[in-house]
Structure formats: C-alpha cells, structure tokens
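Trainee: This is coords.cif (mmCIF, C-alpha atoms).
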data_query
loop_
_atom_site.label_atom_id
_atom_site.label_comp_id
_atom_site.auth_asym_id
_atom_site.auth_seq_id
_atom_site.Cartn_x
_atom_site.Cartn_y
_atom_site.Cartn_z
CA MET A 235 12.25 12.72 -7.74
CA ALA A 236 14.14 10.65 -5.20
CA LEU A 237 14.19 7.04 -4.13
CA ARG A 238 13.07 6.49 -0.55
CA SER A 239 13.57 3.55 1.80
CA ILE A 240 10.67 1.16 2.24
CA ILE A 241 10.17 -0.05 5.80
CA ASN A 242 9.55 -3.74 6.38
CA LEU A 243 7.67 -5.92 8.78
CA PRO A 244 7.90 -6.00 11.86
CA TYR A 245 8.45 -2.23 12.21
CA SER A 246 5.59 -0.67 14.13
CA ARG A 247 5.07 2.33 11.81
CA LEU A 248 3.38 -0.05 9.35
CA ARG A 249 0.55 -0.42 11.89
CA LEU A 250 -0.14 3.33 12.20
CA VAL A 251 -3.43 4.73 10.95
CA SER A 252 -2.45 7.43 8.47
CA LYS A 253 -3.60 11.02 8.78
CA PRO A 254 -5.63 12.78 6.08
CA VAL A 255 -3.82 15.02 3.63
CA THR A 256 -5.27 18.50 4.16
CA ILE A 257 -3.35 20.52 1.55
CA LEU A 258 -2.02 19.25 -1.75
CA ASP A 259 1.03 21.53 -1.81
CA HIS A 260 4.47 21.23 -3.41
CA GLN A 261 5.71 18.90 -0.61
CA VAL A 262 2.81 16.49 -1.08
CA LEU A 263 3.23 16.45 -4.86
CA LYS A 264 6.97 15.79 -4.45
CA LEU A 265 6.18 12.94 -2.07
CA PHE A 266 3.79 11.48 -4.68
CA ASP A 267 6.60 11.63 -7.25
CA ASP A 268 9.11 10.05 -4.85
CA MET A 269 6.59 7.32 -4.00
CA LEU A 270 6.07 6.53 -7.68
CA GLU A 271 9.81 6.36 -8.38
CA THR A 272 10.36 4.18 -5.30
CA MET A 273 7.47 1.89 -6.29
CA TYR A 274 8.80 1.47 -9.85
CA ASP A 275 12.31 0.82 -8.58
CA ALA A 276 11.21 -1.80 -6.01
CA PRO A 277 9.50 -3.00 -8.37
CA GLY A 278 5.87 -2.94 -7.29
CA ILE A 279 2.40 -1.97 -8.49
CA GLY A 280 1.31 -0.03 -5.41
CA LEU A 281 2.79 1.90 -2.52
CA ALA A 282 1.28 3.68 0.48
CA ALA A 283 3.12 6.59 2.13
CA ILE A 284 3.16 4.70 5.44
CA GLN A 285 5.47 2.16 3.81
CA LEU A 286 8.02 4.99 3.67
CA GLY A 287 7.34 5.76 7.33
CA ILE A 288 5.12 8.75 6.49
CA ASP A 289 1.66 8.58 8.05
CA ALA A 290 -0.19 10.48 5.30
CA ARG A 291 -3.21 9.03 3.49
CA MET A 292 -1.45 8.80 0.12
CA VAL A 293 -1.20 5.94 -2.38
CA THR A 294 0.43 5.47 -5.77
CA LEU A 295 -0.63 2.64 -8.10
CA ASP A 296 0.33 1.55 -11.58
CA LEU A 297 -0.71 -1.83 -12.96
CA SER A 298 0.75 -1.16 -16.42
CA LYS A 299 3.97 -3.10 -15.69
CA ARG A 300 1.85 -6.23 -15.39
CA ASP A 301 0.97 -6.15 -19.11
CA ASP A 302 3.85 -4.03 -20.51
CA SER A 303 1.57 -1.06 -21.24
CA PRO A 304 2.87 2.50 -21.08
CA PRO A 305 2.92 3.85 -17.50
CA GLN A 306 -0.52 4.78 -16.16
CA PRO A 307 0.13 5.99 -12.62
CA LEU A 308 -2.67 6.80 -10.22
CA PHE A 309 -2.09 9.25 -7.38
CA LEU A 310 -4.65 8.97 -4.60
CA ALA A 311 -4.86 11.35 -1.66
CA ASN A 312 -7.29 10.38 1.10
CA PRO A 313 -8.64 7.31 -0.73
CA GLU A 314 -11.61 5.53 0.78
CA ILE A 315 -13.72 2.56 -0.17
CA VAL A 316 -17.30 3.78 -0.32
CA TRP A 317 -18.83 0.50 -1.50
CA SER A 318 -17.71 -3.10 -1.89
CA SER A 319 -19.48 -6.04 -3.46
CA GLU A 320 -20.63 -9.11 -1.59
CA GLU A 321 -19.07 -11.17 -4.38
CA ARG A 322 -15.52 -12.24 -3.46
CA SER A 323 -12.40 -12.97 -5.47
CA SER A 324 -8.92 -14.22 -4.63
CA PHE A 325 -5.55 -13.01 -5.85
CA GLU A 326 -2.06 -13.91 -4.83
CA GLU A 327 -0.80 -10.84 -2.99
CA GLY A 328 2.65 -9.68 -2.05
CA CYS A 329 3.87 -6.51 -0.39
CA LEU A 330 6.97 -4.35 -0.74
CA SER A 331 7.09 -4.22 3.09
CA ILE A 332 7.01 -8.03 3.35
CA PRO A 333 9.50 -8.97 0.61
CA ASP A 334 9.40 -12.37 -1.06
CA PHE A 335 6.24 -13.56 0.69
CA TYR A 336 3.08 -14.18 -1.36
CA GLU A 337 -0.25 -15.65 -0.36
CA GLU A 338 -3.78 -15.99 -1.73
CA VAL A 339 -6.07 -13.37 -0.19
CA GLU A 340 -9.83 -13.22 -0.59
CA ARG A 341 -11.40 -9.75 -0.83
CA PRO A 342 -14.51 -8.13 -2.32
CA ALA A 343 -14.45 -8.59 -6.10
CA LYS A 344 -15.54 -5.01 -6.82
CA VAL A 345 -15.12 -1.73 -4.98
CA LEU A 346 -16.07 1.91 -5.45
CA VAL A 347 -13.21 4.15 -4.35
CA ARG A 348 -13.26 7.92 -3.80
CA TRP A 349 -10.09 10.04 -3.55
CA GLN A 350 -8.53 13.38 -4.37
CA ASP A 351 -6.23 13.61 -7.39
CA ARG A 352 -3.03 15.67 -7.63
CA GLN A 353 -5.06 18.81 -8.27
CA GLY A 354 -7.32 18.19 -5.28
CA ALA A 355 -10.36 17.24 -7.38
CA VAL A 356 -12.53 14.46 -5.97
CA GLN A 357 -12.53 11.37 -8.18
CA GLU A 358 -14.47 8.10 -8.03
CA MET A 359 -13.80 4.80 -9.71
CA GLU A 360 -15.44 1.41 -9.68
CA ALA A 361 -12.76 -1.25 -9.88
CA GLU A 362 -12.67 -5.01 -10.20
CA GLY A 363 -10.04 -7.68 -10.65
CA LEU A 364 -6.43 -6.87 -9.83
CA LEU A 365 -7.15 -3.12 -9.63
CA ALA A 366 -9.81 -3.69 -6.93
CA THR A 367 -7.40 -5.92 -5.01
CA ALA A 368 -4.53 -3.43 -5.27
CA LEU A 369 -6.74 -0.53 -4.14
CA GLN A 370 -7.98 -2.51 -1.13
CA HIS A 371 -4.44 -3.63 -0.27
CA GLU A 372 -3.06 -0.07 -0.31
CA ILE A 373 -6.04 1.47 1.52
CA ASP A 374 -5.60 -1.24 4.15
CA HIS A 375 -2.04 0.06 4.64
CA LEU A 376 -3.46 3.51 5.41
CA ASN A 377 -5.53 1.90 8.17
CA GLY A 378 -2.61 -0.02 9.70
CA VAL A 379 -3.70 -3.32 8.13
CA LEU A 380 -1.33 -5.62 6.27
CA PHE A 381 -2.34 -8.27 3.74
CA ILE A 382 -1.13 -10.95 6.14
CA ASP A 383 -4.00 -9.91 8.44
CA HIS A 384 -6.30 -11.54 5.85
CA ILE A 385 -4.61 -14.98 5.98
CA SER A 386 -4.74 -17.72 8.59
CA ARG A 387 -3.40 -16.96 12.04
CA LEU A 388 -0.82 -19.73 11.78
CA LYS A 389 0.64 -18.44 8.49
CA ARG A 390 0.56 -14.85 9.74
CA GLU A 391 2.41 -15.73 12.96
CA ARG A 392 5.02 -17.67 10.98
CA VAL A 393 5.66 -14.69 8.70
CA ILE A 394 5.86 -12.26 11.61
CA ARG A 395 8.34 -14.52 13.43
CA LYS A 396 10.49 -14.83 10.32
CA PHE A 397 10.62 -11.07 9.73
CA THR A 398 11.15 -10.31 13.42
CA LYS A 399 14.11 -12.70 13.46
CA MET A 400 15.54 -11.10 10.31
CA ALA A 401 15.08 -7.60 11.78
CA LYS A 402 17.05 -8.55 14.89
CA ARG A 403 20.02 -9.29 12.64
CA ASP A 404 19.67 -5.90 10.90
CA VAL A 405 20.47 -2.47 12.26
CA PRO A 406 17.37 -1.13 14.08
CA ARG A 407 15.49 1.39 11.93
CA ASP A 408 12.47 1.85 14.16
CA SER A 409 12.31 2.53 17.85
CA GLY A 410 8.93 0.83 18.10
CA ARG A 411 7.29 3.98 19.41
CA GLY A 412 5.43 4.45 16.11
#
For the structure just supplied, provide its representation as structure tokens.
Mentor:
Amino acid sequence: MALRSIINLPYSRLRLVSKPVTILDHQVLKLFDDMLETMYDAPGIGLAAIQLGIDARMVTLDLSKRDDSPPQPLFLANPEIVWSSEERSSFEEGCLSIPDFYEEVERPAKVLVRWQDRQGAVQEMEAEGLLATALQHEIDHLNGVLFIDHISRLKRERVIRKFTKMAKRDVPRDSGRG
C-alpha cells in the first residue's frame, strides 16, 4: 500500500465525471488499498478515486473511526444510488479535498446503494444516518459534485474564492484541462 496525494479545491479534476471500472484486476485492487491507506492517514471516513486525480468510479469508506470500533472498510466499485427516501436529514459534512471547512448539508435520510465488491460481486445495502450521508457524499464525487454544491450560493462562492486564492500561492498541480 502507498499513500497518495489528495487534490484540493479548486482543481478541475474534482469536477470530472468518473468512468466505470470494467475489470477488477490487480491494479484496481492496489488502488483500493492505496485509497484506504490514504483515507486513514488523512484522516477521513470516505474517499473517492477522483480525489486522487483518478477518474475511476471507486470509493472507500470506513465509519469505524467515529466510534473506535475495529476497522470495517467498504470498497465500492461503480456505486450507484438506486433509491432514496423523501425523508431528509442533515449532517455536518467536511471533505478531504476541502480541508478545514464544514457545513450542514441536507440529503435524503435513507438510500439503497448498489456496487461491486473487490471480487466483482454485485452488492446492495440500504443505509441511513451517517452511512447514508457518506455514501451520497462519495458518489457525488464520482459525478463531479462537491458537498459545497448543496449549500447556499453565497457560502459556496466564499469557499471557492478562499481555496482559489490559497491555490494561487501554491505550486500549480493541475493544468485545468481536467
């Protein structure tokens, strides 16, 4: 396993729509492992491949750090939300690609998610609470959507300006060509 660099707002790759994973080969499984190690190191509870600049429909999640349980990682290839409730819930969200910014986001309270596991088997899970929020947040990443797209325009523009200004002080890591 290897730690990878997480790209931050405003870099354009975060807005790419990720491509489906067609073969779960050694490279894909290694990427899953690298994603998990990177997510734990960050530390975070979820990570989409696009946050590493890789436009593959892959997500790792592990909520166990929230309650000091033993690790319970989920590896999701090609995850999709197949149903969401009309009932809504709010959680304070943050993002490894938008460090140190948190905001309440309202989303469907329950979702049914379908994905392929590390062996390529199709899995389904109904989730609620923090797990439902984390799944929606990471699947949004795969569709080029950031959690700040779910907050007010004013707050979103403020965050984008702040991170754009910070990026101008850093060495460019993204040509903007996506």
Trainee: Assuming the chain letters and numbering stay as they are in my file, what does the PyMOL selection byres ((chain A and resi 292-306) around 10) actually select? List them as a VMD selection string.
Mentor: chain A and resid 252 to 255 262 265 to 271 273 to 274 277 to 285 288 to 291 307 to 313 349 to 350 364 to 365 368 to 369 372 to 373 375 to 376
Trainee: Pull the neighbourhood of (-20.2, -16.4, 0.2) for me: all residues within 12 Å in file coordinates, counting all atoms listed in the file, as a PDB file with C-alpha atoms, in the frame of the given file.
Mentor:
ATOM      1  CA  SER A 319     -19.480  -6.040  -3.460  1.00  0.00           C
ATOM      2  CA  GLU A 320     -20.630  -9.110  -1.590  1.00  0.00           C
ATOM      3  CA  GLU A 321     -19.070 -11.170  -4.380  1.00  0.00           C
ATOM      4  CA  ARG A 322     -15.520 -12.240  -3.460  1.00  0.00           C
ATOM      5  CA  SER A 323     -12.400 -12.970  -5.470  1.00  0.00           C
ATOM      6  CA  GLU A 340      -9.830 -13.220  -0.590  1.00  0.00           C
ATOM      7  CA  ARG A 341     -11.400  -9.750  -0.830  1.00  0.00           C
ATOM      8  CA  PRO A 342     -14.510  -8.130  -2.320  1.00  0.00           C
ATOM      9  CA  ALA A 343     -14.450  -8.590  -6.100  1.00  0.00           C
TER      10      ALA A 343
END
Trainee: So which residues touch A:Ile382 within 10 Å, counting only C-alpha atoms, skipping near sequence neighbours fewer than 5 positions away, as a list in words?
Mentor: Glu327, Gly328, Cys329, Ile332, Phe335, Tyr336, Glu337, Glu338, Val339, Arg387, Lys389, Arg390, Glu391, Val393 and Ile394 of chain A
Trainee: Please compute the atom CA of A:Val356-atom CA of A:Val251 distance, one decimal, in Å.
Mentor: 21.5 Å
Trainee: Which is closer to A:Ser331 than all the others in A:Ile315, A:Leu380, A:Leu258, A:Met400, using all atoms listed in the file?
Mentor: A:Leu380
Trainee: Pick from A:Ser318, A:Gln261, A:Asp374, A:Asp383: nearest to A:Glu362, with all atoms listed in the file counted?
Mentor: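 Checking each candidate against A:Glu362, we get A:Ser318 as the closest.
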Trainee: Provide the atom CA of A:Leu243 to atom CA of A:Thr398 distance in Å, to one decimal place.
Mentor: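 One can read the atom CA of A:Leu243 to atom CA of A:Thr398 distance as 7.3 Å.
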Trainee: What separation in Å, quoted to one decimal, exists between atom CA of A:Glu314 and atom CA of A:Ala236?
Mentor: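 Interatomic distance here is 26.9 Å.
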Trainee: For A:Ala361, which of A:His260, A:Arg348, A:Lys396, A:Lys402 is the closest residue, counting only C-alpha atoms?
Mentor: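 Checking each candidate against A:Ala361, we get A:Arg348 as the closest.
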